[in-house]
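Undergrad: Below you'll find query.txt; it's compact mmCIF, C-alpha atoms.
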# COMPACT_ATOMS: atom_id res chain seq x y z
CA MET A 26 -118.51 184.13 55.37
CA PHE A 27 -115.89 182.14 53.46
CA ALA A 28 -114.51 180.82 56.75
CA ARG A 29 -117.98 179.64 57.69
CA VAL A 30 -118.39 177.87 54.35
CA ARG A 31 -114.98 176.24 54.73
CA GLY A 32 -116.03 175.03 58.19
CA ILE A 33 -119.23 173.50 56.89
CA CYS A 34 -117.34 171.82 54.04
CA SER A 35 -114.84 170.48 56.53
CA LEU A 36 -117.61 168.92 58.61
CA LEU A 37 -119.23 167.38 55.54
CA ALA A 38 -115.92 165.99 54.36
CA VAL A 39 -115.68 163.56 57.29
CA PRO A 40 -118.80 161.45 56.57
CA VAL A 41 -118.23 161.68 52.80
CA ALA A 42 -114.70 160.35 53.23
CA ALA A 43 -115.99 157.62 55.51
CA MET A 44 -118.59 156.63 52.93
CA LEU A 45 -115.99 156.55 50.17
CA THR A 46 -113.74 154.37 52.34
CA ALA A 47 -116.61 151.97 53.10
CA HIS A 48 -117.52 151.58 49.44
CA SER A 49 -113.93 151.04 48.41
CA ALA A 50 -113.30 148.36 51.05
CA PRO A 51 -112.99 144.87 49.52
CA ALA A 52 -115.95 142.52 49.92
CA GLN A 53 -115.55 139.76 52.47
CA ALA A 54 -113.91 136.76 50.81
CA LEU A 55 -116.05 133.67 50.30
CA GLN A 56 -115.02 130.50 52.08
CA LYS A 57 -113.88 127.92 49.52
CA ILE A 58 -115.13 124.39 50.13
CA THR A 59 -115.77 121.23 48.11
CA ILE A 60 -118.98 119.20 48.28
CA ASN A 61 -119.12 115.65 46.95
CA TYR A 62 -122.23 114.37 45.18
CA PRO A 63 -122.16 110.64 44.43
CA THR A 64 -124.99 110.44 41.91
CA ARG A 65 -126.10 112.36 38.84
CA SER A 66 -129.79 112.24 39.64
CA GLY A 67 -132.59 114.17 41.29
CA ALA A 68 -131.03 113.46 44.68
CA SER A 69 -128.34 116.04 43.86
CA TRP A 70 -130.78 118.67 42.57
CA PRO A 71 -130.64 121.04 45.59
CA MET A 72 -126.85 121.24 45.22
CA TYR A 73 -127.19 122.07 41.53
CA ILE A 74 -129.66 124.88 42.26
CA ALA A 75 -127.65 126.22 45.21
CA LYS A 76 -124.63 126.47 42.92
CA GLU A 77 -126.34 127.87 39.83
CA GLY A 78 -128.66 130.17 41.79
CA GLY A 79 -125.94 131.78 43.91
CA TYR A 80 -127.31 130.53 47.23
CA TYR A 81 -123.97 129.19 48.39
CA GLN A 82 -122.45 132.62 47.72
CA LYS A 83 -125.35 134.30 49.56
CA TYR A 84 -124.28 132.46 52.71
CA GLY A 85 -120.57 133.10 52.30
CA LEU A 86 -119.47 129.94 50.50
CA ASP A 87 -117.57 129.39 47.26
CA VAL A 88 -118.51 125.77 46.54
CA ASP A 89 -116.89 123.36 44.11
CA LEU A 90 -119.33 120.51 43.44
CA LYS A 91 -117.33 117.38 42.71
CA PHE A 92 -118.84 114.14 41.44
CA GLY A 93 -117.53 110.81 42.76
CA VAL A 94 -119.33 107.53 43.40
CA HIS A 95 -119.10 105.75 46.74
CA PRO A 96 -116.65 105.35 48.44
CA ALA A 97 -115.04 108.45 46.91
CA GLY A 98 -117.10 110.80 49.08
CA ILE A 99 -116.02 109.12 52.30
CA ALA A 100 -112.39 109.27 51.22
CA MET A 101 -112.76 112.96 50.36
CA LEU A 102 -114.17 113.72 53.81
CA VAL A 103 -111.49 111.74 55.62
CA SER A 104 -108.71 113.47 53.66
CA ASN A 105 -110.35 116.90 54.15
CA GLU A 106 -110.63 117.27 50.39
CA ALA A 107 -114.38 117.78 50.86
CA ALA A 108 -116.21 119.60 53.65
CA MET A 109 -119.52 117.83 52.99
CA ALA A 110 -120.92 114.91 51.03
CA ASN A 111 -124.56 114.64 50.00
CA TYR A 112 -124.51 110.96 50.83
CA SER A 113 -127.17 108.29 51.05
CA LEU A 114 -128.33 107.53 54.56
CA GLU A 115 -127.35 103.87 54.16
CA GLN A 116 -123.76 104.66 53.23
CA SER A 117 -123.50 107.35 55.90
CA MET A 118 -124.71 104.93 58.56
CA GLU A 119 -122.43 102.11 57.46
CA ALA A 120 -119.42 104.45 57.38
CA SER A 121 -120.33 105.72 60.86
CA THR A 122 -120.30 102.21 62.34
CA LYS A 123 -116.66 101.96 61.24
CA ASP A 124 -115.62 105.54 62.00
CA GLY A 125 -117.54 107.57 64.57
CA SER A 126 -115.93 110.80 63.39
CA PHE A 127 -118.77 111.57 60.94
CA VAL A 128 -121.91 113.57 61.64
CA MET A 129 -125.21 113.90 59.75
CA VAL A 130 -126.67 117.39 60.15
CA GLY A 131 -129.65 117.33 57.78
CA SER A 132 -131.56 115.40 55.14
CA SER A 133 -133.08 116.94 52.00
CA LEU A 134 -134.66 113.78 50.61
CA ASN A 135 -136.36 110.67 51.96
CA LYS A 136 -137.88 109.24 48.76
CA ALA A 137 -136.57 108.97 45.22
CA LEU A 138 -137.36 107.58 41.77
CA PHE A 139 -135.61 104.24 41.26
CA ALA A 140 -136.96 101.73 38.75
CA LEU A 141 -135.95 98.08 38.58
CA ILE A 142 -135.31 97.67 34.85
CA ALA A 143 -134.87 94.19 33.38
CA GLN A 144 -134.09 92.51 30.07
CA LYS A 145 -137.02 92.37 27.69
CA GLN A 146 -138.00 88.75 28.40
CA TYR A 147 -138.78 89.35 32.08
CA THR A 148 -142.25 90.41 33.19
CA ALA A 149 -142.14 90.02 36.99
CA VAL A 150 -139.63 90.58 39.79
CA LYS A 151 -139.84 86.96 40.91
CA GLU A 152 -138.41 85.87 37.55
CA LEU A 153 -135.07 87.43 38.57
CA LYS A 154 -134.27 84.61 40.98
CA GLY A 155 -130.79 83.32 40.13
CA LYS A 156 -130.22 86.15 37.64
CA ARG A 157 -127.49 88.84 37.47
CA ILE A 158 -128.20 92.29 38.90
CA ALA A 159 -125.80 95.18 38.28
CA VAL A 160 -124.80 97.58 41.07
CA GLY A 161 -122.11 100.23 41.35
CA GLN A 162 -120.43 98.66 44.37
CA LEU A 163 -121.54 96.05 46.88
CA GLY A 164 -122.84 98.07 49.79
CA ASP A 165 -123.64 101.26 47.87
CA ALA A 166 -127.08 102.88 47.96
CA PRO A 167 -128.54 101.21 44.82
CA TYR A 168 -127.36 97.85 46.17
CA ASN A 169 -129.23 98.36 49.44
CA TYR A 170 -132.30 99.76 47.70
CA THR A 171 -132.36 96.78 45.33
CA ILE A 172 -132.22 94.33 48.23
CA ALA A 173 -135.10 96.11 49.95
CA LEU A 174 -137.15 96.18 46.75
CA LEU A 175 -136.51 92.52 45.94
CA SER A 176 -137.63 91.55 49.45
CA LYS A 177 -141.08 92.96 48.66
CA TYR A 178 -141.41 90.24 46.04
CA GLY A 179 -140.00 87.35 48.09
CA LEU A 180 -136.39 87.48 46.88
CA HIS A 181 -133.39 87.85 49.17
CA LEU A 182 -129.74 88.81 49.00
CA ARG A 183 -128.48 85.37 48.00
CA ASP A 184 -131.28 84.68 45.51
CA VAL A 185 -129.52 86.73 42.82
CA GLN A 186 -126.00 87.23 41.44
CA TRP A 187 -124.51 90.67 42.04
CA VAL A 188 -122.46 92.32 39.28
CA PRO A 189 -120.43 95.33 40.56
CA VAL A 190 -119.68 97.73 37.67
CA GLY A 191 -117.67 100.28 39.66
CA THR A 192 -119.50 103.37 38.44
CA ASP A 193 -122.82 105.20 38.63
CA VAL A 194 -126.21 104.86 36.93
CA SER A 195 -124.76 105.12 33.41
CA GLY A 196 -122.50 102.13 34.06
CA ARG A 197 -125.39 100.09 35.42
CA ALA A 198 -127.47 100.87 32.34
CA ALA A 199 -124.53 99.92 30.10
CA ALA A 200 -124.24 96.57 31.88
CA LEU A 201 -127.87 95.87 31.04
CA VAL A 202 -127.49 96.86 27.37
CA SER A 203 -124.31 94.82 26.94
CA GLY A 204 -125.90 91.73 28.46
CA ARG A 205 -123.60 91.63 31.50
CA ALA A 206 -126.68 91.96 33.72
CA ASP A 207 -130.27 90.79 33.62
CA ALA A 208 -131.57 93.71 35.66
CA THR A 209 -130.50 96.81 37.53
CA LEU A 210 -131.93 99.69 39.52
CA LEU A 211 -131.91 102.94 37.53
CA THR A 212 -132.82 106.54 38.28
CA ALA A 213 -134.76 108.78 35.92
CA PRO A 214 -134.22 109.79 33.15
CA ASN A 215 -132.00 106.77 32.46
CA TYR A 216 -134.86 104.34 32.92
CA PHE A 217 -137.01 106.39 30.51
CA ARG A 218 -134.54 105.60 27.73
CA MET A 219 -134.48 101.92 28.64
CA GLU A 220 -138.28 101.70 28.58
CA GLU A 221 -138.27 103.28 25.12
CA GLN A 222 -135.92 100.50 23.95
CA GLY A 223 -138.26 97.80 25.22
CA TYR A 224 -136.61 96.95 28.54
CA LYS A 225 -139.13 96.13 31.26
CA ASN A 226 -139.90 98.32 34.28
CA LEU A 227 -140.70 95.72 36.94
CA ALA A 228 -141.03 97.92 40.06
CA ASN A 229 -140.32 101.41 41.40
CA LEU A 230 -138.93 102.30 44.80
CA ALA A 231 -141.20 105.36 45.02
CA ASP A 232 -144.25 103.07 45.16
CA HIS A 233 -143.18 101.61 48.53
CA ASP A 234 -143.66 104.01 51.44
CA ASP A 235 -141.70 101.83 53.85
CA ILE A 236 -138.50 101.89 51.78
CA TYR A 237 -136.56 105.06 52.47
CA ALA A 238 -134.15 106.46 49.90
CA ALA A 239 -132.84 109.20 52.14
CA THR A 240 -129.83 111.45 51.65
CA THR A 241 -127.88 113.22 54.38
CA TYR A 242 -125.57 116.17 54.73
CA LEU A 243 -122.52 114.25 55.92
CA LEU A 244 -119.55 116.08 57.50
CA ARG A 245 -116.68 115.28 59.82
CA LYS A 246 -117.16 116.23 63.48
CA SER A 247 -113.73 117.85 63.46
CA LYS A 248 -114.82 120.10 60.56
CA VAL A 249 -117.92 121.23 62.45
CA ALA A 250 -115.85 121.83 65.59
CA SER A 251 -113.42 124.05 63.69
CA ASP A 252 -116.15 125.77 61.66
CA PRO A 253 -119.37 125.67 63.73
CA LYS A 254 -121.30 128.00 61.40
CA LEU A 255 -120.81 125.74 58.37
CA PRO A 256 -123.84 123.45 58.95
CA GLU A 257 -126.08 126.51 59.23
CA GLN A 258 -124.66 128.01 56.02
CA LEU A 259 -125.16 124.75 54.13
CA ILE A 260 -128.68 124.10 55.41
CA LYS A 261 -129.78 127.65 54.61
CA ALA A 262 -128.32 127.52 51.09
CA HIS A 263 -129.98 124.18 50.36
CA ALA A 264 -133.31 125.31 51.85
CA GLU A 265 -133.28 128.33 49.54
CA ALA A 266 -132.49 126.01 46.64
CA ILE A 267 -135.43 123.75 47.54
CA LYS A 268 -137.76 126.74 47.62
CA ARG A 269 -136.48 127.78 44.20
CA PHE A 270 -137.11 124.23 43.00
CA TYR A 271 -140.77 124.36 43.98
CA ASP A 272 -141.26 127.94 42.74
CA ASP A 273 -139.35 128.00 39.45
CA GLU A 274 -139.52 124.98 37.16
CA ASP A 275 -137.59 126.61 34.33
CA PHE A 276 -134.64 127.52 36.54
CA ALA A 277 -134.67 124.13 38.28
CA VAL A 278 -134.52 122.38 34.90
CA LYS A 279 -131.72 124.66 33.70
CA ALA A 280 -129.70 124.01 36.87
CA TYR A 281 -130.11 120.24 36.52
CA GLU A 282 -129.02 120.28 32.91
CA ALA A 283 -125.88 122.23 33.84
CA PHE A 284 -124.62 119.15 35.71
CA ASP A 285 -126.36 116.30 33.89
CA LYS A 286 -127.16 117.14 30.28
CA GLN A 287 -130.39 115.33 29.50
CA PRO A 288 -133.26 116.05 27.10
CA ASP A 289 -135.32 118.93 28.41
CA ALA A 290 -138.54 116.92 28.24
CA ASP A 291 -137.02 114.20 30.42
CA VAL A 292 -135.84 116.62 33.09
CA ARG A 293 -139.29 118.24 33.18
CA ARG A 294 -140.86 114.79 33.56
CA ILE A 295 -138.58 114.12 36.54
CA TYR A 296 -139.37 117.57 37.92
CA GLU A 297 -143.11 116.87 37.87
CA ARG A 298 -142.66 113.59 39.75
CA TYR A 299 -140.52 115.25 42.41
CA LYS A 300 -142.80 118.25 42.79
CA GLN A 301 -146.05 116.28 42.86
CA GLY A 302 -144.60 113.95 45.46
CA ASN A 303 -143.17 116.82 47.56
CA LEU A 304 -139.99 114.76 47.67
CA PHE A 305 -137.59 117.50 48.77
CA GLU A 306 -137.77 118.28 52.47
CA ARG A 307 -138.46 121.89 53.41
CA VAL A 308 -137.52 121.17 57.04
CA PRO A 309 -134.53 118.83 56.70
CA TYR A 310 -134.50 116.83 59.92
CA VAL A 311 -132.79 113.43 59.87
CA LEU A 312 -135.73 111.16 60.68
CA ALA A 313 -135.61 108.39 63.27
CA GLY A 314 -137.89 106.25 61.10
CA ALA A 315 -135.49 106.49 58.17
CA VAL A 316 -132.59 105.34 60.36
CA LYS A 317 -134.63 102.43 61.74
CA SER A 318 -135.70 101.46 58.22
CA VAL A 319 -132.11 101.24 57.02
CA VAL A 320 -131.19 98.97 59.93
CA ALA A 321 -134.24 96.76 59.32
CA GLN A 322 -133.66 96.32 55.59
CA GLN A 323 -130.03 95.17 55.84
CA SER A 324 -129.69 91.68 54.42
CA ASP A 325 -125.98 91.35 55.12
CA ASP A 326 -125.86 89.80 58.59
CA ARG A 327 -122.50 91.33 59.45
CA ILE A 328 -123.56 94.88 58.55
CA ALA A 329 -126.93 94.39 60.21
CA ALA A 330 -125.23 93.33 63.46
CA GLN A 331 -122.90 96.34 63.34
CA MET A 332 -125.80 98.72 62.82
CA LYS A 333 -127.93 97.20 65.56
CA ALA A 334 -125.05 97.54 68.01
CA PHE A 335 -124.30 101.15 67.07
CA ASP A 336 -125.94 104.19 68.71
CA PHE A 337 -126.70 106.44 65.75
CA ARG A 338 -127.69 109.27 68.07
CA THR A 339 -123.95 109.87 68.41
CA VAL A 340 -123.62 110.70 64.70
CA VAL A 341 -126.94 112.43 63.97
CA ASP A 342 -127.17 116.07 65.00
CA ASN A 343 -130.47 117.82 64.28
CA GLY A 344 -129.42 120.77 66.44
CA THR A 345 -128.87 123.20 63.57
CA VAL A 346 -132.28 122.44 62.04
CA GLU A 347 -133.90 122.87 65.47
CA TYR A 348 -132.11 126.20 65.90
CA LEU A 349 -133.30 127.46 62.51
CA VAL A 350 -136.86 126.39 63.32
CA ARG A 351 -136.73 128.40 66.56
CA GLN A 352 -135.28 131.39 64.70
CA GLY A 353 -138.16 131.30 62.22
CA PHE A 354 -135.87 130.75 59.23
CA PHE A 355 -138.05 128.15 57.47
CA GLU A 356 -141.25 130.08 58.22
CA ASN A 357 -139.76 133.28 56.76
CA LEU A 358 -138.54 131.37 53.72
CA PHE A 359 -141.51 129.13 52.93
CA GLY A 360 -144.33 131.04 54.64
CA PRO A 361 -146.50 130.30 57.69
CA GLY A 362 -147.83 127.12 56.11
CA VAL A 363 -144.55 125.37 56.92
CA LYS A 364 -145.23 125.50 60.68
CA ALA A 365 -147.39 122.36 60.54
CA GLU A 366 -144.59 120.55 58.74
CA GLU A 367 -142.09 121.79 61.33
CA ALA A 368 -144.22 120.39 64.14
CA ARG A 369 -144.77 117.06 62.39
CA LYS A 370 -141.13 116.57 61.44
CA GLU A 371 -139.91 117.57 64.89
CA LYS A 372 -141.83 114.62 66.34
CA LEU A 373 -140.31 112.27 63.76
CA ALA A 374 -136.74 113.57 64.07
CA MET A 375 -133.98 111.50 65.66
CA LYS A 376 -133.35 112.82 69.16
CA LYS A 377 -130.15 112.81 71.16
Just give me the structure of the file as structure tokens.

TA:
Amino acid sequence: MFARVRGICSLLAVPVAAMLTAHSAPAQALQKITINYPTRSGASWPMYIAKEGGYYQKYGLDVDLKFGVHPAGIAMLVSNEAAMANYSLEQSMEASTKDGSFVMVGSSLNKALFALIAQKQYTAVKELKGKRIAVGQLGDAPYNYTIALLSKYGLHLRDVQWVPVGTDVSGRAAALVSGRADATLLTAPNYFRMEEQGYKNLANLADHDDIYAATTYLLRKSKVASDPKLPEQLIKAHAEAIKRFYDDEDFAVKAYEAFDKQPDADVRRIYERYKQGNLFERVPYVLAGAVKSVVAQQSDDRIAAQMKAFDFRTVVDNGTVEYLVRQGFFENLFGPGVKAEEARKEKLAMKK
């Protein structure tokens, strides 16, 4: 009898030992990467949520989010310091005309809140002719957006004086307050504070459907070649973050404030504008119309010529988004209602 018991115990010992070994095995190490974000604004919100909500970790990534205004992100990609930059479409396209080694694999945003804020004596955009307008750098995203916005009111590139301040939205606001500039393009909540001080809000980018303020997931082609699963990991993590944005205001606000400490009421005001406008893309195709819009709104003849001569199909790759659509990833995440959006965006996406 005792021999029989010992035999049974011996048989049981094998799976128990195997289970103990499995539980004691170390978890698979997360892949460490850096992502550049060039603006402290709503455009970076999905990155904030992906970091704070653990969505990068869910897909095997240990991400260090590093702030740096243009052209820092490009330099970080070229030097392999960063694996991805959440860059504006304009800057990504201009960089690609000079260096075809970049690739855009997705786009989480096509519209954004940008207000043209001016000194208190101005009441109309046309009054800015001949005046000083602050930008971070000539050629950065706010510079291009400002040119496009001014054109809606009959002003062109050479109708104003450009004042590069070499930093982000805070520096542009400071240039206005100090009197170095007569106007500048500001994101929320910075322009809320300026309005409260009596500065004039002359126009908002979000009110013009034909002006895109798109962002892209910009990587190097060599990085994708050496790590082909990375675009999928990034797109999935950011898609989960966007779902959390729409579903959980309190968490979205908390995540934003972790990277850009602003008054809670201001962040909630921004949140409502983004949510009501459905600004974050659930199905993040890079859109052909957005690319065409950037080319059309270039006022610098040299850059415009470069863009018109360049085939952007060589640096836009919607393949990962298409694959995830076919796999049902977005439908499983957002529900069956996203299928109509998938079909619509697929028709608008840039094709090879």

Undergrad: Rank nothing, just name the residue among A:Lys376, A:Glu115, A:Ala200, A:Gln56 nearest to Val88 in chain A, using only C-alpha atoms.

TA: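 Nearest candidate to Val88 in chain A out of A:Lys376, A:Glu115, A:Ala200, A:Gln56: A:Gln56.
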
Undergrad: Quick one: everything within 7 Å of range 252-261 of chain A, counting all atoms listed in the file, minus sequence neighbours fewer than 5 positions away in the same chain. Send it as a VMD selection string.

TA: chain A and resid 84 130 345

Undergrad: Between CA of Phe139 in chain A and CA of Leu201 in chain A, what is the distance in Å, rounded to a tenth?

TA: 15.3 Å

Undergrad: Which residues are near Val128 in chain A? Cut-off 10 Å, all atoms listed in the file, ignore same chain within fewer than 4 positions. Put them as a VMD selection string.

TA: chain A and resid 109 117 to 118 121 241 to 249 337 to 343

Undergrad: From the list A:Ile74, A:Leu349, A:Val292, A:Ala208, which residue is nearest Ala149 in chain A when using all atoms listed in the file?

TA: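 Going through A:Ile74, A:Leu349, A:Val292, A:Ala208 one by one, the smallest distance to Ala149 in chain A is for A:Ala208.
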